[in-house]
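Data first, discussion second: the structure below is written as structure tokens.
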Amino acid sequence: SSKMDSTSKPTFDPKEHQHLRYNPLRDSWVLVSAHRMKRPWKGQVEKPPEDNTPRHDPNNPLCPGSVRANGEVNPEYDSTFMFDNDFPALQPDAPDPGSDHHPLFQSKAARGVCKVMCFHPWSDITLPLMQPAEIRKVIDKWADLIVELGAEYTWVQIFENKGAMMGCSNPHPHCQVCRHLKHYEAIILIYSERVVVENEHWLVVVPYWATWPFQTLLLPRRHVLRLPDLTAQERDSLASIMKRLLTKYDNLFEVSFPYSMGWHGAPTGSHLQEDMSHWQLHAHYYPPLLRSATIRKFMVGYEMLANEQRDLTPEQVCFLLNVQKMTAITKTSFSLCSWF
């Protein structure tokens, strides 16, 4: 009977058998259940993104020449444009809640500054549709912000929410910058089987421990602490690989792919004089879509109460992204598709 048991035992297949994967950045585990992609979907179907965004809308507060909520008029900018967020999550002069609190109900001061940065004067364009030289200007501005704001603040968080599905309140191409205190993290090596795209200076991988379906990690090939440390060649190369990655995203479901992304680098402020050599600059991309342009991943009951869970293996995702074309799909040619 023992022989029968040993021969009948199924061989592990990550695409068919659930398993846990370790995330060393967060010291946590994610449940991979790729076989769940076989279940029929009768749940919520999202509306596809609208394709009628005008190039310029005088009523859009992010457009050149428009009036914002505080009454200020935007300049007629022709590249990037930065301004203080009119509805900031952090303010520099917020009062301190004090320290006289019960140990179970503690609070402390949260102060900082929030800015908005427009990538381009046109509202009907996104990063994958921009020219590399235009993306390079965005990267240079990011680096300048780290130098400028990092002189005072210990953490400068650059992030972009793209698409209404990710909570973006305005279709105009833009990102946000917040400066405050934050916990720290480092990065480690990724195996080549999960490399989506690469060039001389950068590579994009699907992390072994990825949680979101089409989550990726953007890394420089050399040890870099912060965005300002990048050479001119590395910045050009970054513009190129960002365009290639985001084009693959758009081509996957033939839709302007929603995501939240952001940069993590070594802390700044008082930490500029400290040894931060354990840090590695990197960017995270977190897209919500799962099966098609209208079916997203939901982080709900089990994920909220028990354990993070994903429905595709990172290796499957890497394959699906690798077979996508590098040619950008124009906005007018977007359509819906599904291969599940």
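By order of appearance in the structure tokens: chains A, B, ..., then residues from 1 within every chain, and ligands from 1 in the order shown.
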
All strand (DSSP E) residues (DSSP, backbone) inside segment 116-236 of chain A, as a PyMOL selection string:
chain A and resi 116-118+155-162+174-180+195-198+202-205+216-220

Take the residues just selected and output them with N, CA and C atoms as a short mmCIF file (atom, residue, chain, number, x, y, z; two decimals), in the first residue's frame.
data_model
loop_
_atom_site.label_atom_id
_atom_site.label_comp_id
_atom_site.auth_asym_id
_atom_site.auth_seq_id
_atom_site.Cartn_x
_atom_site.Cartn_y
_atom_site.Cartn_z
N VAL A 116 1.00 68.44 -6.73
CA VAL A 116 0.51 67.77 -7.93
C VAL A 116 1.43 68.13 -9.08
N MET A 117 1.77 67.14 -9.90
CA MET A 117 2.64 67.38 -11.05
C MET A 117 1.96 66.86 -12.31
N CYS A 118 1.69 67.76 -13.24
CA CYS A 118 1.12 67.37 -14.53
C CYS A 118 2.25 66.91 -15.45
N TRP A 155 11.07 61.68 4.02
CA TRP A 155 10.49 60.79 3.00
C TRP A 155 9.75 61.62 1.97
N VAL A 156 10.08 61.42 0.71
CA VAL A 156 9.39 62.07 -0.41
C VAL A 156 8.74 60.97 -1.24
N GLN A 157 7.42 60.88 -1.20
CA GLN A 157 6.71 59.82 -1.90
C GLN A 157 6.13 60.33 -3.21
N ILE A 158 6.65 59.80 -4.31
CA ILE A 158 6.12 60.10 -5.65
C ILE A 158 5.22 58.95 -6.05
N PHE A 159 3.98 59.25 -6.46
CA PHE A 159 3.07 58.18 -6.87
C PHE A 159 2.09 58.69 -7.93
N GLU A 160 1.59 57.75 -8.73
CA GLU A 160 0.60 58.05 -9.76
C GLU A 160 -0.55 57.07 -9.64
N ASN A 161 -1.77 57.58 -9.60
CA ASN A 161 -2.97 56.76 -9.72
C ASN A 161 -3.55 56.99 -11.10
N LYS A 162 -3.53 55.97 -11.93
CA LYS A 162 -4.02 56.11 -13.30
C LYS A 162 -5.35 55.40 -13.45
N HIS A 174 -1.13 63.00 -14.62
CA HIS A 174 -0.46 63.67 -13.50
C HIS A 174 -0.08 62.67 -12.43
N CYS A 175 0.75 63.09 -11.52
CA CYS A 175 1.11 62.30 -10.35
C CYS A 175 1.04 63.21 -9.13
N GLN A 176 1.30 62.64 -7.96
CA GLN A 176 1.31 63.42 -6.73
C GLN A 176 2.61 63.18 -5.97
N VAL A 177 2.95 64.13 -5.13
CA VAL A 177 4.16 64.04 -4.32
C VAL A 177 3.80 64.44 -2.89
N CYS A 178 4.10 63.57 -1.93
CA CYS A 178 3.87 63.86 -0.52
C CYS A 178 5.18 63.70 0.23
N ARG A 179 5.39 64.55 1.24
CA ARG A 179 6.61 64.48 2.02
C ARG A 179 6.25 64.33 3.49
N HIS A 180 6.80 63.32 4.12
CA HIS A 180 6.47 63.04 5.51
C HIS A 180 7.42 62.00 6.06
N VAL A 195 11.24 38.10 -15.55
CA VAL A 195 11.59 39.37 -16.18
C VAL A 195 10.63 39.66 -17.33
N VAL A 196 9.99 40.81 -17.27
CA VAL A 196 9.01 41.21 -18.30
C VAL A 196 9.69 41.95 -19.43
N VAL A 197 10.53 42.91 -19.09
CA VAL A 197 11.23 43.70 -20.10
C VAL A 197 12.51 44.22 -19.47
N GLU A 198 13.54 44.42 -20.27
CA GLU A 198 14.82 44.88 -19.75
C GLU A 198 15.58 45.66 -20.81
N TRP A 202 18.04 48.95 -16.88
CA TRP A 202 16.85 48.68 -16.08
C TRP A 202 16.27 47.32 -16.40
N LEU A 203 15.50 46.79 -15.47
CA LEU A 203 14.69 45.61 -15.75
C LEU A 203 13.38 45.71 -14.97
N VAL A 204 12.35 45.11 -15.56
CA VAL A 204 11.02 45.04 -14.94
C VAL A 204 10.70 43.58 -14.71
N VAL A 205 10.33 43.25 -13.47
CA VAL A 205 10.04 41.87 -13.12
C VAL A 205 8.66 41.78 -12.47
N THR A 216 4.13 44.62 -11.01
CA THR A 216 5.52 44.55 -11.47
C THR A 216 6.41 45.43 -10.61
N LEU A 217 7.70 45.18 -10.73
CA LEU A 217 8.72 45.90 -9.97
C LEU A 217 9.77 46.39 -10.97
N LEU A 218 10.06 47.68 -10.94
CA LEU A 218 11.03 48.31 -11.84
C LEU A 218 12.31 48.61 -11.07
N LEU A 219 13.44 48.08 -11.58
CA LEU A 219 14.71 48.14 -10.85
C LEU A 219 15.86 48.59 -11.75
N PRO A 220 16.79 49.42 -11.23
CA PRO A 220 18.02 49.68 -11.98
C PRO A 220 18.96 48.48 -11.85
#

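For the atom pair formed by atom CA of Tyr77 of chain A and atom CA of Lys115 of chain A, the distance is 16.5 Å, given to one decimal.
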
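Pairwise distance (atom CA of Glu200 of chain A, atom CA of Ala239 of chain A) equals 12.4 Å.
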
Just the residues within 12 Å of segment 290-297 of chain A, please, counting only C-alpha atoms, with nothing from its chain fewer than 5 positions along; format it as a ChimeraX atom specification.
/A:34,36-49,163,165-166,211-215,249-259,303,308-313,317,320,334-340

Report as a PyMOL selection string all protein, DNA and RNA residues lying within 7 Å of segment 266-271 of chain A, evaluated on only C-alpha atoms, omitting residues in the same chain fewer than 5 positions from it.
chain A and resi 150-155+225-226+276+279+281

Just to be explicit: take each residue in the selection above, keep C-alpha atoms, and write the result as an mmCIF file, in the first residue's frame.
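Result saved to part.cif:
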data_model
loop_
_atom_site.group_PDB
_atom_site.id
_atom_site.type_symbol
_atom_site.label_atom_id
_atom_site.label_comp_id
_atom_site.auth_asym_id
_atom_site.auth_seq_id
_atom_site.Cartn_x
_atom_site.Cartn_y
_atom_site.Cartn_z
ATOM 1 C CA GLY A 150 14.489 65.757 0.505
ATOM 2 C CA ALA A 151 16.671 68.470 1.995
ATOM 3 C CA GLU A 152 13.983 68.964 4.656
ATOM 4 C CA TYR A 153 11.755 65.899 4.686
ATOM 5 C CA THR A 154 12.831 62.351 5.571
ATOM 6 C CA TRP A 155 10.489 60.791 2.997
ATOM 7 C CA LEU A 225 19.953 54.920 -3.677
ATOM 8 C CA ARG A 226 17.739 57.695 -5.049
ATOM 9 C CA MET A 276 21.909 54.044 3.472
ATOM 10 C CA TRP A 279 18.696 50.620 0.120
ATOM 11 C CA LEU A 281 15.904 52.438 -5.669
#

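Among A:Trp263, A:Phe105, A:Tyr22, A:Phe81, the residue with the shortest atom-to-atom distance to Pro207 of chain A, counting only C-alpha atoms, is A:Tyr22.
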
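Of the residues under consideration (A:Pro171, A:Pro288, A:Pro228, A:Pro95), A:Pro171 shows the shortest atom-to-atom contact distance to Cys63 of chain A when counting only C-alpha atoms.
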
Using DSSP on the backbone coordinates, identify all residues within segment 263-334 of chain A classified as helix (DSSP H, G or I); present the result as a list of chain:residue names.
A:Gly269, A:Ser270, A:His271, A:Leu272, A:Gln273, A:Gly301, A:Tyr302, A:Glu303, A:Met304, A:Leu305, A:Pro314, A:Glu315, A:Gln316, A:Val317, A:Cys318, A:Phe319, A:Leu320, A:Leu321, A:Asn322, A:Lys331, A:Thr332, A:Ser333
